[in-house]
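The next block is final_36.cif, given as mmCIF, C-alpha atoms.
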```
data_protein
loop_
_atom_site.label_atom_id
_atom_site.label_comp_id
_atom_site.auth_asym_id
_atom_site.auth_seq_id
_atom_site.Cartn_x
_atom_site.Cartn_y
_atom_site.Cartn_z
CA MET A 1 0.00 0.00 0.00
CA ILE A 2 1.29 3.49 -0.83
CA ASP A 3 2.12 5.49 2.28
CA LEU A 4 -0.17 8.55 2.61
CA SER A 5 2.49 10.74 4.24
CA THR A 6 4.83 10.04 1.31
CA ALA A 7 2.06 10.98 -1.11
CA ILE A 8 1.29 14.23 0.78
CA GLU A 9 4.98 15.16 0.75
CA LYS A 10 5.17 14.67 -3.01
CA LEU A 11 1.90 16.55 -3.54
CA ASP A 12 3.28 19.53 -1.60
CA GLU A 13 6.27 19.50 -3.96
CA VAL A 14 3.97 19.39 -7.00
CA GLU A 15 1.91 22.31 -5.69
CA ALA A 16 5.04 24.35 -4.97
CA ARG A 17 6.22 23.76 -8.53
CA TYR A 18 2.76 24.74 -9.82
CA ARG A 19 2.99 28.08 -7.96
CA GLN A 20 6.42 28.69 -9.46
CA LEU A 21 5.01 28.14 -12.94
CA ASP A 22 2.14 30.53 -12.18
CA GLU A 23 4.70 33.17 -11.24
CA GLN A 24 6.67 32.52 -14.41
CA MET A 25 3.55 32.88 -16.55
CA ALA A 26 3.02 36.33 -15.01
CA ASP A 27 6.65 37.34 -15.59
CA PRO A 28 6.92 39.82 -18.52
CA ALA A 29 10.26 38.27 -19.56
CA VAL A 30 8.54 34.91 -20.00
CA PHE A 31 5.43 36.44 -21.56
CA MET A 32 7.55 38.02 -24.32
CA ASP A 33 9.20 34.69 -25.22
CA PRO A 34 6.76 32.41 -27.12
CA ASP A 35 8.95 29.31 -26.67
CA ARG A 36 9.13 29.78 -22.90
CA VAL A 37 5.40 30.48 -22.72
CA ARG A 38 4.70 27.19 -24.50
CA LYS A 39 7.14 25.26 -22.33
CA VAL A 40 5.91 26.72 -19.04
CA GLY A 41 2.27 26.44 -20.11
CA LYS A 42 2.70 22.79 -21.08
CA GLU A 43 4.27 21.84 -17.74
CA ARG A 44 1.62 23.80 -15.85
CA ALA A 45 -1.18 22.06 -17.78
CA GLU A 46 0.32 18.65 -16.94
CA LEU A 47 0.19 19.48 -13.22
CA ASP A 48 -3.22 21.16 -13.27
CA GLU A 49 -5.39 18.11 -12.53
CA THR A 50 -3.12 16.92 -9.73
CA VAL A 51 -3.04 20.32 -8.02
CA SER A 52 -6.82 20.81 -8.39
CA ALA A 53 -7.51 17.37 -6.89
CA TYR A 54 -5.02 17.99 -4.06
CA ARG A 55 -6.57 21.34 -3.17
CA GLU A 56 -10.06 19.80 -3.12
CA TYR A 57 -8.71 16.92 -1.01
CA ARG A 58 -7.31 19.35 1.58
CA ASP A 59 -10.58 21.31 1.61
CA VAL A 60 -12.63 18.13 2.12
CA ALA A 61 -10.26 16.94 4.87
CA ALA A 62 -10.64 20.29 6.66
CA GLN A 63 -14.44 20.10 6.39
CA ILE A 64 -14.38 16.58 7.82
CA SER A 65 -12.32 17.80 10.75
CA ASP A 66 -14.72 20.71 11.38
CA ASN A 67 -17.78 18.48 11.28
CA GLU A 68 -16.20 15.88 13.58
CA GLN A 69 -15.58 18.73 16.04
CA LEU A 70 -19.25 19.75 15.79
CA LEU A 71 -20.32 16.17 16.52
CA ARG A 72 -18.41 16.27 19.78
CA SER A 73 -19.28 19.80 20.89
CA ASP A 74 -22.64 20.94 19.49
CA ASP A 75 -25.75 18.82 20.04
CA ASP A 76 -27.93 21.20 18.03
CA LEU A 77 -25.85 20.68 14.89
CA HIS A 78 -25.22 16.97 15.45
CA ASP A 79 -27.58 15.72 12.70
CA LEU A 80 -26.35 18.29 10.18
CA ALA A 81 -22.72 17.41 10.89
CA GLN A 82 -23.48 13.68 10.54
CA GLU A 83 -25.18 14.29 7.18
CA GLU A 84 -22.18 16.29 5.95
CA LEU A 85 -19.77 13.58 7.04
CA SER A 86 -21.74 10.92 5.15
CA ARG A 87 -21.11 12.97 2.01
CA LEU A 88 -17.53 14.10 2.70
CA VAL A 89 -15.90 10.86 3.86
CA PRO A 90 -16.60 8.91 0.62
CA ARG A 91 -15.51 11.94 -1.42
CA LYS A 92 -12.21 12.05 0.47
CA ALA A 93 -11.60 8.36 -0.30
CA VAL A 94 -12.27 8.94 -4.01
CA LEU A 95 -9.89 11.91 -4.10
CA GLU A 96 -7.22 9.96 -2.22
CA ALA A 97 -7.32 7.12 -4.74
CA ARG A 98 -7.25 9.56 -7.66
CA LEU A 99 -4.25 11.42 -6.22
CA PHE A 100 -2.30 8.17 -5.89
CA GLU A 101 -3.02 7.46 -9.57
CA LEU A 102 -1.93 10.94 -10.62
CA LEU A 103 1.33 10.72 -8.69
CA VAL A 104 2.50 7.49 -10.29
CA PRO A 105 4.59 8.19 -13.42
CA ARG A 106 2.53 7.32 -16.47
CA ASP A 107 3.67 4.55 -18.78
CA PRO A 108 3.07 5.78 -22.35
CA LEU A 109 2.54 2.17 -23.43
CA ASP A 110 -0.37 1.50 -21.07
CA ALA A 111 -3.06 2.34 -23.62
CA LYS A 112 -1.69 -0.06 -26.24
CA ASP A 113 -3.11 -3.40 -27.36
CA VAL A 114 -0.86 -6.42 -26.90
CA PHE A 115 0.45 -9.60 -28.41
CA LEU A 116 0.24 -12.48 -25.94
CA GLU A 117 2.67 -15.36 -26.51
CA ILE A 118 2.40 -18.58 -24.51
CA ARG A 119 4.93 -21.39 -24.95
CA ALA A 120 5.18 -24.79 -23.29
CA GLY A 121 8.48 -25.17 -21.44
CA THR A 122 9.86 -28.02 -19.36
CA GLY A 123 7.40 -30.83 -18.77
CA GLY A 124 6.54 -32.13 -22.22
CA GLU A 125 2.87 -32.85 -22.87
CA GLU A 126 1.90 -31.73 -19.36
CA ALA A 127 3.44 -28.31 -20.02
CA ALA A 128 1.54 -28.08 -23.31
CA LEU A 129 -1.74 -28.92 -21.57
CA PHE A 130 -1.08 -26.22 -18.98
CA ALA A 131 -0.25 -23.74 -21.76
CA ALA A 132 -3.74 -24.43 -23.12
CA ASP A 133 -5.20 -23.86 -19.63
CA LEU A 134 -3.40 -20.52 -19.34
CA PHE A 135 -4.53 -19.38 -22.77
CA ARG A 136 -8.12 -20.25 -21.88
CA MET A 137 -7.73 -18.31 -18.61
CA TYR A 138 -6.59 -15.17 -20.42
CA CYS A 139 -9.36 -15.54 -23.01
CA ARG A 140 -11.98 -15.79 -20.25
CA PHE A 141 -10.49 -12.73 -18.52
CA ALA A 142 -10.59 -10.85 -21.82
CA GLU A 143 -14.29 -11.71 -22.16
CA ARG A 144 -14.94 -10.22 -18.71
CA ARG A 145 -13.18 -7.04 -19.81
CA ARG A 146 -14.97 -6.98 -23.17
CA TRP A 147 -11.67 -7.24 -25.01
CA THR A 148 -11.29 -9.11 -28.28
CA VAL A 149 -8.81 -11.97 -28.77
CA GLU A 150 -7.57 -12.93 -32.23
CA VAL A 151 -5.28 -15.93 -32.68
CA VAL A 152 -2.31 -15.14 -34.89
CA SER A 153 -0.51 -18.46 -34.74
CA VAL A 154 -1.05 -21.72 -32.87
CA SER A 155 0.71 -25.10 -32.63
CA GLU A 156 -1.33 -27.83 -30.96
CA THR A 157 -0.47 -31.27 -29.63
CA GLU A 158 -2.45 -34.47 -30.24
CA LEU A 159 -3.86 -34.38 -26.69
CA GLY A 160 -5.20 -30.83 -27.01
CA GLY A 161 -2.26 -29.01 -25.51
CA LEU A 162 -0.48 -26.01 -27.00
CA ARG A 163 3.19 -25.99 -27.86
CA GLU A 164 2.83 -22.31 -28.69
CA VAL A 165 0.10 -19.77 -29.25
CA ILE A 166 0.33 -16.12 -30.27
CA ALA A 167 -2.77 -13.95 -29.96
CA GLN A 168 -3.56 -10.28 -30.39
CA ILE A 169 -5.70 -8.77 -27.62
CA ASN A 170 -7.47 -5.49 -28.33
CA GLY A 171 -9.43 -3.35 -25.91
CA ASP A 172 -9.31 -0.63 -23.29
CA ARG A 173 -5.77 -0.21 -21.86
CA VAL A 174 -4.87 -3.87 -22.32
CA TYR A 175 -1.13 -3.46 -21.76
CA SER A 176 -1.66 -1.59 -18.47
CA VAL A 177 -3.57 -4.62 -17.15
CA LEU A 178 -1.54 -7.53 -18.54
CA LYS A 179 2.02 -6.17 -18.58
CA TYR A 180 3.01 -7.96 -15.35
CA GLU A 181 1.94 -11.39 -16.64
CA GLY A 182 5.20 -11.97 -18.52
CA GLY A 183 7.49 -14.64 -17.06
CA VAL A 184 7.65 -18.33 -16.23
CA HIS A 185 4.42 -19.80 -14.84
CA ARG A 186 5.01 -23.06 -12.94
CA VAL A 187 2.35 -25.72 -12.48
CA GLN A 188 2.24 -28.53 -9.93
CA ARG A 189 -0.38 -31.20 -10.51
CA ILE A 190 -0.96 -34.91 -11.04
CA PRO A 191 -1.12 -35.66 -14.79
CA THR A 192 -4.01 -37.83 -15.98
CA THR A 193 -1.41 -40.28 -17.30
CA GLU A 194 0.25 -40.64 -13.87
CA ALA A 195 -0.78 -44.03 -12.47
CA GLN A 196 0.88 -43.62 -9.05
CA GLY A 197 -0.57 -40.22 -8.25
CA ARG A 198 2.72 -38.35 -8.17
CA ILE A 199 2.74 -34.57 -8.55
CA HIS A 200 4.65 -33.33 -11.59
CA THR A 201 6.12 -29.85 -12.01
CA SER A 202 6.02 -28.20 -15.43
CA ALA A 203 6.60 -24.70 -16.73
CA VAL A 204 5.09 -22.39 -19.33
CA THR A 205 6.54 -19.12 -20.60
CA VAL A 206 4.26 -16.12 -21.08
CA ALA A 207 5.25 -12.95 -22.93
CA VAL A 208 3.13 -9.81 -23.16
CA MET A 209 4.26 -7.30 -25.78
CA PRO A 210 2.68 -3.93 -26.55
CA GLU A 211 1.62 -3.60 -30.17
CA ALA A 212 4.11 -1.40 -32.00
CA ASP A 213 3.08 1.16 -34.60
CA ASP A 214 5.05 2.00 -37.72
CA VAL A 215 6.39 5.08 -35.95
CA ASP A 216 7.61 2.93 -33.04
CA VAL A 217 9.62 0.49 -35.14
CA ASP A 218 10.95 1.12 -38.63
CA ILE A 219 11.61 -2.17 -40.44
CA ASP A 220 13.75 -2.09 -43.58
CA GLU A 221 12.35 -4.50 -46.16
CA ALA A 222 15.93 -5.32 -47.15
CA ASP A 223 16.41 -6.83 -43.67
CA LEU A 224 13.59 -9.34 -44.21
CA ARG A 225 13.59 -12.81 -45.69
CA ILE A 226 10.07 -13.88 -46.63
CA ASP A 227 9.26 -17.56 -47.15
CA LEU A 228 5.89 -18.80 -48.37
CA PHE A 229 4.70 -22.35 -47.77
CA ARG A 230 1.55 -24.41 -47.58
CA ALA A 231 -0.35 -24.20 -44.33
CA GLY A 232 -0.61 -27.35 -42.30
CA GLY A 233 -3.52 -28.24 -40.07
CA ALA A 234 -6.41 -30.56 -39.42
CA GLY A 235 -7.46 -30.75 -43.05
CA GLY A 236 -10.26 -29.17 -45.01
CA GLN A 237 -10.59 -28.04 -48.59
CA HIS A 238 -8.16 -25.16 -48.36
CA VAL A 239 -5.30 -26.60 -46.31
CA ASN A 240 -2.15 -27.53 -48.26
CA LYS A 241 -3.52 -26.32 -51.61
CA THR A 242 -2.01 -22.82 -51.71
CA ASP A 243 1.18 -21.25 -50.38
CA SER A 244 -0.70 -19.00 -47.95
CA ALA A 245 1.48 -19.46 -44.85
CA VAL A 246 4.19 -16.86 -44.29
CA ARG A 247 7.51 -17.07 -42.47
CA LEU A 248 9.28 -13.76 -41.81
CA THR A 249 12.93 -13.74 -40.77
CA HIS A 250 14.39 -10.48 -39.53
CA ILE A 251 18.02 -11.00 -40.51
CA PRO A 252 19.74 -8.48 -38.16
CA SER A 253 18.02 -9.83 -35.02
CA GLY A 254 17.39 -13.41 -36.08
CA ILE A 255 13.74 -13.15 -35.03
CA VAL A 256 11.47 -15.54 -36.94
CA VAL A 257 7.68 -15.19 -37.11
CA VAL A 258 5.35 -17.72 -38.71
CA CYS A 259 1.70 -17.06 -39.47
CA GLN A 260 -0.64 -19.51 -41.17
CA ASP A 261 -3.95 -18.86 -39.42
CA GLU A 262 -5.51 -16.91 -42.30
CA ARG A 263 -6.35 -18.28 -45.75
CA SER A 264 -5.01 -15.15 -47.40
CA GLN A 265 -1.27 -14.82 -47.90
CA GLN A 266 -1.58 -11.03 -47.59
CA LYS A 267 -3.43 -11.30 -44.26
CA ASN A 268 -0.87 -13.76 -42.88
CA ARG A 269 1.95 -11.44 -43.94
CA ALA A 270 0.26 -8.44 -42.31
CA LYS A 271 -0.23 -10.36 -39.06
CA ALA A 272 3.34 -11.63 -39.09
CA MET A 273 4.63 -8.09 -39.59
CA LYS A 274 2.63 -6.90 -36.57
CA VAL A 275 4.11 -9.65 -34.41
CA LEU A 276 7.63 -8.96 -35.69
CA ARG A 277 7.25 -5.24 -35.04
CA ALA A 278 6.02 -5.95 -31.48
CA ARG A 279 8.95 -8.31 -30.79
CA LEU A 280 11.50 -5.80 -32.06
CA PHE A 281 9.86 -3.03 -30.04
CA GLU A 282 9.88 -5.18 -26.91
CA ALA A 283 13.53 -6.13 -27.41
CA ALA A 284 14.53 -2.48 -27.78
CA ARG A 285 12.44 -1.51 -24.74
CA GLU A 286 13.95 -4.24 -22.57
CA LYS A 287 17.46 -3.24 -23.62
CA ALA A 288 16.77 0.38 -22.68
CA GLU A 289 15.27 -0.70 -19.35
CA THR A 290 18.32 -2.80 -18.55
CA GLU A 291 20.67 0.05 -19.30
CA GLN A 292 18.69 2.78 -17.53
CA GLN A 293 17.12 1.03 -14.54
CA GLU A 294 19.62 -1.56 -13.32
CA GLN A 295 19.46 -0.30 -9.77
CA ARG A 296 15.67 -0.43 -9.54
CA ARG A 297 15.52 -3.80 -11.27
CA SER A 298 17.94 -5.25 -8.71
CA MET A 299 15.45 -4.33 -5.98
CA VAL A 300 12.24 -5.59 -7.59
CA GLY A 301 13.63 -8.36 -9.77
CA THR A 302 14.85 -8.36 -13.33
CA GLY A 303 11.40 -9.12 -14.70
CA ASP A 304 12.84 -11.13 -17.56
CA ARG A 305 11.15 -14.23 -18.86
CA SER A 306 13.61 -16.66 -17.25
CA GLU A 307 12.18 -15.86 -13.80
CA ARG A 308 9.52 -18.01 -12.17
CA ILE A 309 6.85 -15.48 -11.31
CA ARG A 310 3.95 -17.68 -10.28
CA THR A 311 3.09 -21.20 -9.13
CA TYR A 312 -0.24 -22.94 -9.76
CA ASN A 313 -0.66 -25.82 -7.29
CA PHE A 314 -3.63 -27.97 -8.28
CA PRO A 315 -3.75 -30.40 -5.29
CA GLN A 316 -4.02 -27.41 -2.91
CA ASN A 317 -6.19 -25.26 -5.25
CA ARG A 318 -3.52 -22.61 -4.64
CA LEU A 319 -1.93 -19.83 -6.68
CA THR A 320 1.17 -18.00 -5.42
CA ASP A 321 2.66 -14.94 -7.08
CA HIS A 322 6.26 -14.97 -5.86
CA ARG A 323 6.99 -11.33 -6.74
CA ILE A 324 4.53 -9.88 -4.25
CA GLY A 325 3.99 -12.83 -1.89
CA LEU A 326 0.32 -13.14 -2.83
CA THR A 327 -1.33 -16.54 -2.19
CA LEU A 328 -4.93 -17.31 -3.14
CA TYR A 329 -6.80 -20.57 -2.57
CA LYS A 330 -9.18 -20.36 -5.51
CA LEU A 331 -7.20 -21.76 -8.41
CA ASP A 332 -10.32 -23.24 -9.98
CA ALA A 333 -11.92 -19.78 -10.24
CA ILE A 334 -8.66 -18.19 -11.43
CA LEU A 335 -8.38 -20.63 -14.33
CA GLU A 336 -11.90 -19.56 -15.33
CA GLY A 337 -10.57 -16.03 -15.83
CA ASP A 338 -11.01 -14.61 -12.32
CA ILE A 339 -7.58 -12.93 -12.14
CA GLU A 340 -8.78 -9.41 -11.27
CA GLU A 341 -7.48 -9.66 -7.69
CA ILE A 342 -4.01 -10.70 -8.90
CA VAL A 343 -3.87 -7.99 -11.55
CA SER A 344 -4.96 -5.30 -9.08
CA ALA A 345 -2.42 -6.42 -6.47
CA LEU A 346 0.40 -6.31 -9.01
CA GLN A 347 -0.63 -2.88 -10.24
CA ALA A 348 -0.79 -1.56 -6.67
CA TYR A 349 2.61 -3.02 -5.84
CA HIS A 350 4.33 -1.52 -8.89
CA SER A 351 2.57 1.82 -8.37
CA ALA A 352 3.93 1.93 -4.80
CA GLN A 353 7.42 1.09 -6.08
CA ALA A 354 7.24 3.84 -8.69
CA LEU A 355 6.00 6.38 -6.14
CA ALA A 356 8.76 5.44 -3.68
CA HIS A 357 11.44 6.02 -6.29
#
```
Give the structure from this file in structure tokens form.
Amino acid sequence: MIDLSTAIEKLDEVEARYRQLDEQMADPAVFMDPDRVRKVGKERAELDETVSAYREYRDVAAQISDNEQLLRSDDDLHDLAQEELSRLVPRKAVLEARLFELLVPRDPLDAKDVFLEIRAGTGGEEAALFAADLFRMYCRFAERRRWTVEVVSVSETELGGLREVIAQINGDRVYSVLKYEGGVHRVQRIPTTEAQGRIHTSAVTVAVMPEADDVDVDIDEADLRIDLFRAGGAGGQHVNKTDSAVRLTHIPSGIVVVCQDERSQQKNRAKAMKVLRARLFEAAREKAETEQQEQRRSMVGTGDRSERIRTYNFPQNRLTDHRIGLTLYKLDAILEGDIEEIVSALQAYHSAQALAH
């Protein structure tokens, strides 16, 4: 939980800066310089909502204090003070929550859609079956959020597991919600093929990448090798009759993307380009994070995909997120898409970390 005294201290600093900007806007030397007016005005506008909310928060807090005093000292105004408090206390809570949001540095990627990649790791068929469970969990969660999920590429096993699946998820601020899901998800359960009832441990890798626009990543066509081949699958009239599947290889990075979900070669190529652009954008972003935030990352973990972030224990109906020490005994509900509590806890934790630093 974010400490209120820390938040108040930072809000006082923001308000002091806001007053400085007000003074600068009234300074004739600034007023005569259009570039400085724009710069000062832009910074002031960015702080405006925070300062307005903080000033209202202080006013509400003062009114609460006054009415609590009336409750204790004036019987004639007791009912009026109680009525005021019933209005003011909830308003204070709303303003408090909003101020915490405004103080946390904004991630410009939060509003983006994402590509979700799930891959079976150690554990063979059991890992593939769990990869399918995880994908279903995220699809159910997306339904609750009214997001749309579109499969870009999928590789299934004979028993219904997934070796790999790539899906695009579109909706309201998808990346802000799912960005902490990336990492190694470990499962502990008794496989249906296990005659002696022994618990097996398997692992699945999840990656969540913000969709990159053309302006985010510039891909030189000369750096691409494009291979066309016939789509494989369960059969049907179209499968294996045209070279509709597309394999893109980005030569400088070695990244390979395959897409064969669509019947149209052009559609498969467009989807593959989106995935490639997202992977290149994510690689560049992670490199920049490593270079710029090594100290912070050492405190909260590297966040890379080699880390075990979560354990799903089926015999105990338990989920544990190791990054924040959260344990929930409702794994059955979680696998049906009920991950709101986990997502909210992770967001709150990272918001507190950002505010503290």
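Distance-wise, CA of Ile118 (chain A) and CA of Leu134 (chain A) end up 8.0 Å apart.
What the PyMOL selection byres ((chain A and resi 129) around 9) picks from this file is Ala120, Gly124, Glu125, Glu126, Ala127, Ala128, Phe130, Ala131, Ala132, Asp133, Leu134, Thr157, Leu159, Gly160, Gly161, Leu162 and Arg163 of chain A.
Summary of the local environment: counting all atoms listed in the file, residues at most 9 Å from region 92-103 of chain A, other than itself and those fewer than 3 positions away along its chain, are Ile2, Leu4, Ala7, Lys10, Leu11, Glu49, Thr50, Ala53, Tyr54, Glu56, Tyr57, Arg58, Val60, Ala61, Ile64, Leu88, Val89, Arg106, Ser351, Ala352 and Leu355 of chain A.
Once the PyMOL selection byres ((chain A and resi 168) around 8) is applied to the shown structure, the selection contains A:Asp113, A:Val114, A:Phe115, A:Leu116, A:Val149, A:Glu150, A:Val151, A:Val152, A:Ile166, A:Ala167, A:Ile169, A:Asn170.
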Running the PyMOL selection byres ((chain A and resi 335) around 9) on this model by hand, what would come out? Give it as a short mmCIF file (atom, residue, chain, number, x, y, z; two decimals) with C-alpha atoms, in the coordinates of the input.
```cif
data_model
loop_
_atom_site.label_atom_id
_atom_site.label_comp_id
_atom_site.auth_asym_id
_atom_site.auth_seq_id
_atom_site.Cartn_x
_atom_site.Cartn_y
_atom_site.Cartn_z
CA ASP A 133 -5.20 -23.86 -19.63
CA LEU A 134 -3.40 -20.52 -19.34
CA ARG A 136 -8.12 -20.25 -21.88
CA MET A 137 -7.73 -18.31 -18.61
CA TYR A 138 -6.59 -15.17 -20.42
CA ARG A 140 -11.98 -15.79 -20.25
CA LYS A 330 -9.18 -20.36 -5.51
CA LEU A 331 -7.20 -21.76 -8.41
CA ASP A 332 -10.32 -23.24 -9.98
CA ALA A 333 -11.92 -19.78 -10.24
CA ILE A 334 -8.66 -18.19 -11.43
CA GLU A 336 -11.90 -19.56 -15.33
CA GLY A 337 -10.57 -16.03 -15.83
CA ASP A 338 -11.01 -14.61 -12.32
CA ILE A 339 -7.58 -12.93 -12.14
#
```
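In terms of minimum interatomic distance to Met209 (chain A), A:Asp110 ranks closest within A:Thr192, A:Asp110, A:Gly121, A:Val246, counting all atoms listed in the file.
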Task: Between CA of Arg119 (chain A) and CA of Glu262 (chain A) - distance in Å to one decimal - done: 20.7 Å
